[in-house]
Amino acid sequence: MNTQKSNQEQINIAMRVIADHVRTIAFAITDGQLPSNAKAGYVIRRILRRAVRYGYTFLGQRNAFIYKLIPALIDSMGAAYPELAAQQELIVKVMKEEEDAFLRTLETGIRLLDKKIEEARAANVTVLDGADAFTLYDTYGFPLDLTELILRENSMSVDIETFNSEMQKQKERARNAAAVETGDWMVIREGETEFVGYDRFECETRILRYRLIKQKNKELYQIVLSETPFYAEMGGQTGDSGWLVSNSDDETIEIMDVKRENNLPVHIASKLPADTTATFTALINVEKRIQTECNHSATHLLHEALREVLGKHVEQKGSYVSPENLRFDFSHYQKVSDEEIRRVEQIVNKRIREDIALDERRHVPIAEAREMGAMALFGEKYGEDVRVVRFGSSIELCGGTHIPSTGRIGSMYVIGESSIAAGVRRIEAVTGDGAERLLYLMQDSIRELRAMFNNVPNLAATIRKSIEENAELKKQLAEYVKERVTALKQQIMERAEVRNGVKVLIYKGNGSADAFRDIAFRIKGEMPAGEKVFFVAGITDGDKCGLVVMLSDALVADGLSAATLIREGSKHIRGGGGGQPHFATAGGKNPDGIPAAVDAIIAAAGLA
């Protein structure tokens, strides 16, 4: 901490920073910009984190508090900016969630950074090692800019060059983990690929070029075609699969996947055709394509429904569309409730039943698309001309493939909702065949449960009652076990013998390791201080067996060790164990050896 500033000066600076930052954050959220890890959203996140850090360090605020200032801000500026009051609930919830998330990171990061600063001062060093800064960033999620700020307040700096070097090493490690060896392109003929997959599921084509690739000791081929109906993975939609069939001899090559490299569809196959110069028919797997289209079109409907139910602050942050399911990431400040999910499902399924026709427009000027109200998708880059996909009031810029009308989707059901980052939620859902399979699974599960409970009419009430009864039985069983352990302990103590001035307690019989561990410590706790007590139990539990040895402190002081004694006994039960000088256990697979094991332990203790 900068010793040239008094505590009051530091407090005053912190309060000014927080007052200034809370205004910035509140107005940004009101305008629809939520904190995130990208672009403008990251600027807002950094501003908020800076305010949180000042409150944490200089005002002693260990819990979220900045969001509590919003009512005061509205009192001060709400008359001039009524949108602040209108968006108060959203602003407060977003800020609180961000604060809570960052405070968990901040506490650990500041503690570690303070330690590094102390070590640097002790060594008379004013530059923090970049490797230490990278560890804070990579392992603990502590932002570099916050590290730099704290260091400046302590008249220090960070070795940025080393930090960047460590970052580069990490990237190289990631690249090497997914390294792909590629051969040279073998050019059959010149040309560019024409994608016809919006209109056709198959077409005649020829191979333009191909090359061999190796990944994880597996050889595959990348093939570029002159025309293709195969959609290449992009915008969250997975690539098509299908076949390449030779028109001359019907040789069939399976196309496993289609990737996009340098904006070019590259078809992945495990082998090449015998004649690469032939003419082929390219056919996609129509069933998988249609299932993917159902999920993709449902994603557009889901996006619109979420904005209707949760608010206009909802923005797409990522998506994944495959034949099996869809995944949609979006900005939102809290968990989506079951009631909200049900409303979203109802809206989407209503629009599916309306069988809204696809209105697809290609080569639309970007300005015109914006005027239509088309929403751009997260992470996409658009040129001057774009493709607009519309289902009724849902209008988006999209390059993916879609179903001809929403009725073909069948239905959509949400199967999961979760948080993937601060302020970003994820919904997973199924449609069409996937929705049917989910419904059948649920029906089968309910049918099986009903059968287990004799087909009672009110299954939920019956299960609830069964759970309550089970809890009560467990409680009664625990009480019984407790009483049984107490009685067994008493019996063992009543049969105690004194040998060589030592009270010896022995048990051989059925029981559980947990019960006799409890008995051993109860016995020790009830013995007078300084008394020499030796307890050994050989227990059988089904086809398993075990040993327990407990020694009083006086015996341990005499040089005996329960851990040493248990090793002598475990030889007889074909097992092993260990522990501490006063207490040790062992388990084995030979219950018949229990008597010999107990006798061996007693003999080794000199108490036979």
# chains A, B, ... in the order shown; residues from 1 in each chain; ligands from 1
$ residues_around --residues "A:Ile539" --least-positions-apart "4" --cutoff "7 Å" --atoms "only C-alpha atoms" --output "PDB file with C-alpha atoms, in the first residue's frame"
ATOM      1  CA  LYS A 508     -14.436 -61.650  18.867  1.00  0.00           C
ATOM      2  CA  GLY A 509     -17.644 -61.808  16.880  1.00  0.00           C
ATOM      3  CA  ASN A 510     -19.924 -60.128  14.354  1.00  0.00           C
ATOM      4  CA  GLY A 511     -20.031 -56.376  13.882  1.00  0.00           C
ATOM      5  CA  SER A 512     -19.094 -53.433  11.708  1.00  0.00           C
ATOM      6  CA  CYS A 545     -13.418 -59.152   8.513  1.00  0.00           C
ATOM      7  CA  GLY A 546     -11.494 -56.543  10.432  1.00  0.00           C
ATOM      8  CA  LEU A 547      -9.381 -55.718  13.456  1.00  0.00           C
TER       9      LEU A 547
END
$ residues_around --residues "A:Tyr333" --least-positions-apart "2" --cutoff "8 Å" --atoms "only C-alpha atoms" --output "PyMOL selection string"
chain A and resi 90+93-94+97+331+335+422-424
$ write_last_selection --atoms "N, CA, C and O atoms" --output "mmCIF file, in the first residue's frame"
data_model
loop_
_atom_site.group_PDB
_atom_site.id
_atom_site.type_symbol
_atom_site.label_atom_id
_atom_site.label_comp_id
_atom_site.auth_asym_id
_atom_site.auth_seq_id
_atom_site.Cartn_x
_atom_site.Cartn_y
_atom_site.Cartn_z
ATOM 1 N N LEU A 90 -33.390 -5.082 -12.868
ATOM 2 C CA LEU A 90 -32.346 -5.689 -13.703
ATOM 3 C C LEU A 90 -30.970 -5.219 -13.273
ATOM 4 O O LEU A 90 -30.042 -6.028 -13.103
ATOM 5 N N LYS A 93 -29.911 -6.807 -9.859
ATOM 6 C CA LYS A 93 -29.627 -8.238 -9.917
ATOM 7 C C LYS A 93 -28.332 -8.523 -10.677
ATOM 8 O O LYS A 93 -27.543 -9.379 -10.255
ATOM 9 N N VAL A 94 -28.112 -7.824 -11.780
ATOM 10 C CA VAL A 94 -26.886 -8.038 -12.549
ATOM 11 C C VAL A 94 -25.668 -7.651 -11.727
ATOM 12 O O VAL A 94 -24.673 -8.384 -11.660
ATOM 13 N N GLU A 97 -24.941 -10.147 -8.795
ATOM 14 C CA GLU A 97 -24.360 -11.414 -9.252
ATOM 15 C C GLU A 97 -22.896 -11.222 -9.649
ATOM 16 O O GLU A 97 -22.044 -12.051 -9.331
ATOM 17 N N SER A 331 -27.355 -14.037 -22.382
ATOM 18 C CA SER A 331 -27.080 -13.151 -21.253
ATOM 19 C C SER A 331 -28.307 -13.068 -20.346
ATOM 20 O O SER A 331 -29.410 -12.784 -20.806
ATOM 21 N N LYS A 335 -30.725 -17.464 -12.354
ATOM 22 C CA LYS A 335 -31.275 -18.738 -12.819
ATOM 23 C C LYS A 335 -32.668 -18.530 -13.382
ATOM 24 O O LYS A 335 -33.469 -17.782 -12.826
ATOM 25 N N ALA A 422 -20.410 -15.839 -15.339
ATOM 26 C CA ALA A 422 -21.158 -14.786 -14.663
ATOM 27 C C ALA A 422 -21.997 -14.033 -15.684
ATOM 28 O O ALA A 422 -21.480 -13.497 -16.664
ATOM 29 N N GLY A 423 -23.310 -14.022 -15.465
ATOM 30 C CA GLY A 423 -24.205 -13.309 -16.365
ATOM 31 C C GLY A 423 -24.544 -14.037 -17.646
ATOM 32 O O GLY A 423 -25.182 -13.464 -18.526
ATOM 33 N N VAL A 424 -24.124 -15.300 -17.777
ATOM 34 C CA VAL A 424 -24.424 -16.079 -18.983
ATOM 35 C C VAL A 424 -25.039 -17.414 -18.575
ATOM 36 O O VAL A 424 -24.450 -18.159 -17.788
#
$ select_by_dssp --residues "stretch 24-146 of chain A" --states "helix (DSSP H, G or I)" --output "JSON, numbers by chain"
{"A": [24, 25, 26, 27, 28, 29, 30, 39, 40, 41, 42, 43, 44, 45, 46, 47, 48, 49, 50, 51, 52, 53, 54, 55, 56, 57, 58, 66, 67, 68, 69, 70, 71, 72, 73, 74, 75, 76, 77, 82, 83, 84, 85, 86, 88, 89, 90, 91, 92, 93, 94, 95, 96, 97, 98, 99, 100, 101, 102, 103, 104, 105, 106, 107, 108, 109, 110, 111, 112, 113, 114, 115, 116, 117, 118, 119, 120, 121, 122, 130, 131, 132, 133, 134, 135, 136, 137, 138, 139, 140, 144, 145, 146]}
$ residues_around --residues "A:Val245" --least-positions-apart "3" --cutoff "7 Å" --atoms "only C-alpha atoms" --output "number ranges by chain"
A: 250-253, 280-282
$ write_last_selection --atoms "C-alpha atoms" --output "PDB file, in the first residue's frame"
ATOM      1  CA  ASP A 250     -20.841 -46.961 -57.626  1.00  0.00           C
ATOM      2  CA  GLU A 251     -17.871 -46.867 -55.241  1.00  0.00           C
ATOM      3  CA  THR A 252     -19.131 -45.194 -52.068  1.00  0.00           C
ATOM      4  CA  ILE A 253     -16.977 -43.051 -49.811  1.00  0.00           C
ATOM      5  CA  PHE A 280     -19.549 -38.243 -58.251  1.00  0.00           C
ATOM      6  CA  THR A 281     -22.937 -37.786 -56.677  1.00  0.00           C
ATOM      7  CA  ALA A 282     -22.708 -36.075 -53.287  1.00  0.00           C
TER       8      ALA A 282
END
$ closest_residue --among "A:Gln8, A:Asn325, A:Thr135, A:Ser248" --to "A:Asp433" --atoms "only C-alpha atoms"
A:Asn325
$ residues_around --residues "A:Arg450" --least-positions-apart "6" --cutoff "10 Å" --atoms "only C-alpha atoms" --output "list of chain:residue names"
A:Asp444, A:Val456, A:Pro457, A:Asn458, A:Leu459, A:Ala460, A:Thr462, A:Ile463
$ write_last_selection --atoms "N, CA, C and O atoms" --output "PDB file, in the first residue's frame"
ATOM      1  N   ASP A 444     -42.117 -44.082 -19.541  1.00  0.00           N
ATOM      2  CA  ASP A 444     -41.634 -45.377 -19.049  1.00  0.00           C
ATOM      3  C   ASP A 444     -41.231 -45.287 -17.581  1.00  0.00           C
ATOM      4  O   ASP A 444     -41.486 -46.206 -16.792  1.00  0.00           O
ATOM      5  N   VAL A 456     -50.661 -46.736  -7.606  1.00  0.00           N
ATOM      6  CA  VAL A 456     -51.477 -45.803  -6.823  1.00  0.00           C
ATOM      7  C   VAL A 456     -51.882 -44.620  -7.695  1.00  0.00           C
ATOM      8  O   VAL A 456     -51.167 -44.228  -8.615  1.00  0.00           O
ATOM      9  N   PRO A 457     -53.033 -44.014  -7.425  1.00  0.00           N
ATOM     10  CA  PRO A 457     -53.488 -42.897  -8.265  1.00  0.00           C
ATOM     11  C   PRO A 457     -52.644 -41.631  -8.086  1.00  0.00           C
ATOM     12  O   PRO A 457     -52.391 -40.917  -9.047  1.00  0.00           O
ATOM     13  N   ASN A 458     -52.227 -41.344  -6.843  1.00  0.00           N
ATOM     14  CA  ASN A 458     -51.437 -40.136  -6.581  1.00  0.00           C
ATOM     15  C   ASN A 458     -49.997 -40.552  -6.287  1.00  0.00           C
ATOM     16  O   ASN A 458     -49.618 -40.779  -5.144  1.00  0.00           O
ATOM     17  N   LEU A 459     -49.201 -40.657  -7.363  1.00  0.00           N
ATOM     18  CA  LEU A 459     -47.842 -41.170  -7.231  1.00  0.00           C
ATOM     19  C   LEU A 459     -46.970 -40.244  -6.402  1.00  0.00           C
ATOM     20  O   LEU A 459     -46.200 -40.694  -5.552  1.00  0.00           O
ATOM     21  N   ALA A 460     -47.047 -38.926  -6.656  1.00  0.00           N
ATOM     22  CA  ALA A 460     -46.179 -37.967  -5.954  1.00  0.00           C
ATOM     23  C   ALA A 460     -46.406 -38.028  -4.445  1.00  0.00           C
ATOM     24  O   ALA A 460     -45.441 -38.049  -3.655  1.00  0.00           O
ATOM     25  N   THR A 462     -47.604 -40.503  -2.708  1.00  0.00           N
ATOM     26  CA  THR A 462     -47.149 -41.802  -2.199  1.00  0.00           C
ATOM     27  C   THR A 462     -45.631 -41.818  -2.029  1.00  0.00           C
ATOM     28  O   THR A 462     -45.110 -42.322  -1.025  1.00  0.00           O
ATOM     29  N   ILE A 463     -44.912 -41.280  -3.022  1.00  0.00           N
ATOM     30  CA  ILE A 463     -43.444 -41.235  -2.928  1.00  0.00           C
ATOM     31  C   ILE A 463     -43.020 -40.333  -1.781  1.00  0.00           C
ATOM     32  O   ILE A 463     -42.103 -40.661  -1.018  1.00  0.00           O
TER      33      ILE A 463
END
$ residues_around --residues "A:Ile290" --least-positions-apart "2" --cutoff "10 Å" --atoms "only C-alpha atoms" --output "list in words"
Asn285, Val286, Glu287, Lys288, Thr292, Glu293, Cys294, Asn295, His296, Pro323, Thr401, His402, Ile403, Pro404, Arg408, Ile409 and Gly432 of chain A
$ residues_around --residues "A:Ser246" --least-positions-apart "6" --cutoff "12 Å" --atoms "only C-alpha atoms" --output "list in words"
Glu204, Thr205, Arg206, Ile207, Thr252, Ile253, Glu254, Leu272, Pro273, Ala274, Asp275, Thr276, Thr277, Ala278, Thr279, Phe280, Thr281, Ala282 and Leu283 of chain A
$ atom_distance --atom1 "atom CA of A:Thr540" --atom2 "atom CA of A:Leu505"
17.4 Å
$ decode --residues "stretch 283-382 of chain A" --atoms "C-alpha atoms" --output "tab-separated table (two decimals), in the first residue's frame"
chain	number	residue	atom	x	y	z
A	283	LEU	CA	-25.53	-37.11	-50.95
A	284	ILE	CA	-26.04	-35.84	-47.43
A	285	ASN	CA	-27.57	-37.89	-44.61
A	286	VAL	CA	-31.05	-36.41	-45.01
A	287	GLU	CA	-32.42	-37.71	-41.71
A	288	LYS	CA	-29.62	-36.09	-39.71
A	289	ARG	CA	-29.87	-32.86	-41.73
A	290	ILE	CA	-33.60	-32.55	-41.06
A	291	GLN	CA	-33.09	-33.23	-37.34
A	292	THR	CA	-30.38	-30.55	-37.28
A	293	GLU	CA	-32.65	-28.11	-39.11
A	294	CYS	CA	-35.43	-28.75	-36.60
A	295	ASN	CA	-33.06	-27.90	-33.75
A	296	HIS	CA	-31.67	-24.84	-35.55
A	297	SER	CA	-35.08	-23.35	-36.34
A	298	ALA	CA	-36.19	-24.08	-32.77
A	299	THR	CA	-33.15	-22.14	-31.55
A	300	HIS	CA	-34.43	-19.03	-33.32
A	301	LEU	CA	-37.87	-19.47	-31.76
A	302	LEU	CA	-36.26	-20.09	-28.36
A	303	HIS	CA	-34.21	-16.89	-28.63
A	304	GLU	CA	-37.30	-14.80	-29.29
A	305	ALA	CA	-39.31	-16.52	-26.54
A	306	LEU	CA	-36.56	-15.90	-23.97
A	307	ARG	CA	-36.58	-12.19	-24.81
A	308	GLU	CA	-40.35	-12.11	-24.37
A	309	VAL	CA	-40.29	-13.91	-21.01
A	310	LEU	CA	-37.05	-12.65	-19.43
A	311	GLY	CA	-36.58	-9.24	-21.05
A	312	LYS	CA	-34.91	-7.49	-23.96
A	313	HIS	CA	-31.51	-7.70	-22.23
A	314	VAL	CA	-31.32	-11.34	-23.38
A	315	GLU	CA	-28.71	-11.65	-26.13
A	316	GLN	CA	-27.28	-14.76	-27.74
A	317	LYS	CA	-23.77	-15.54	-26.47
A	318	GLY	CA	-23.27	-18.81	-28.30
A	319	SER	CA	-25.11	-21.83	-29.65
A	320	TYR	CA	-24.63	-25.44	-30.68
A	321	VAL	CA	-26.99	-27.24	-33.03
A	322	SER	CA	-26.65	-30.95	-33.85
A	323	PRO	CA	-29.04	-33.72	-34.91
A	324	GLU	CA	-29.37	-34.80	-31.28
A	325	ASN	CA	-30.08	-31.56	-29.44
A	326	LEU	CA	-29.64	-27.81	-29.28
A	327	ARG	CA	-27.72	-25.65	-26.83
A	328	PHE	CA	-28.32	-21.92	-26.46
A	329	ASP	CA	-26.16	-19.54	-24.38
A	330	PHE	CA	-27.60	-16.14	-23.51
A	331	SER	CA	-27.08	-13.15	-21.25
A	332	HIS	CA	-29.16	-13.22	-18.09
A	333	TYR	CA	-28.45	-12.28	-14.48
A	334	GLN	CA	-30.00	-15.18	-12.56
A	335	LYS	CA	-31.28	-18.74	-12.82
A	336	VAL	CA	-34.27	-19.15	-15.08
A	337	SER	CA	-37.09	-20.46	-12.90
A	338	ASP	CA	-39.14	-23.55	-13.69
A	339	GLU	CA	-42.17	-21.31	-14.29
A	340	GLU	CA	-40.22	-19.15	-16.77
A	341	ILE	CA	-38.92	-22.23	-18.60
A	342	ARG	CA	-42.48	-23.54	-18.87
A	343	ARG	CA	-43.66	-20.22	-20.34
A	344	VAL	CA	-40.78	-20.26	-22.85
A	345	GLU	CA	-41.67	-23.83	-23.87
A	346	GLN	CA	-45.32	-22.87	-24.28
A	347	ILE	CA	-44.48	-19.90	-26.52
A	348	VAL	CA	-42.14	-21.96	-28.72
A	349	ASN	CA	-44.55	-24.89	-29.04
A	350	LYS	CA	-47.43	-22.54	-29.88
A	351	ARG	CA	-45.39	-21.15	-32.78
A	352	ILE	CA	-44.49	-24.66	-33.86
A	353	ARG	CA	-48.19	-25.56	-33.98
A	354	GLU	CA	-48.87	-22.42	-36.03
A	355	ASP	CA	-46.68	-23.99	-38.75
A	356	ILE	CA	-45.06	-20.68	-39.66
A	357	ALA	CA	-43.41	-20.86	-43.09
A	358	LEU	CA	-39.73	-20.08	-43.50
A	359	ASP	CA	-39.13	-16.70	-45.14
A	360	GLU	CA	-35.53	-16.87	-46.36
A	361	ARG	CA	-33.91	-13.96	-48.16
A	362	ARG	CA	-30.41	-14.17	-49.60
A	363	HIS	CA	-28.01	-11.39	-50.55
A	364	VAL	CA	-29.83	-8.74	-48.54
A	365	PRO	CA	-27.84	-5.52	-47.97
A	366	ILE	CA	-26.84	-5.39	-44.30
A	367	ALA	CA	-28.48	-1.98	-43.80
A	368	GLU	CA	-31.77	-3.27	-45.19
A	369	ALA	CA	-31.59	-6.34	-42.94
A	370	ARG	CA	-31.13	-4.09	-39.91
A	371	GLU	CA	-34.16	-2.05	-40.95
A	372	MET	CA	-36.17	-5.29	-41.06
A	373	GLY	CA	-35.28	-5.81	-37.39
A	374	ALA	CA	-32.95	-8.76	-38.01
A	375	MET	CA	-30.85	-9.74	-35.01
A	376	ALA	CA	-27.17	-10.47	-35.54
A	377	LEU	CA	-25.85	-13.56	-33.78
A	378	PHE	CA	-23.01	-13.57	-31.29
A	379	GLY	CA	-19.55	-14.17	-32.76
A	380	GLU	CA	-20.65	-13.92	-36.40
A	381	LYS	CA	-18.98	-11.65	-38.94
A	382	TYR	CA	-21.14	-10.26	-41.70
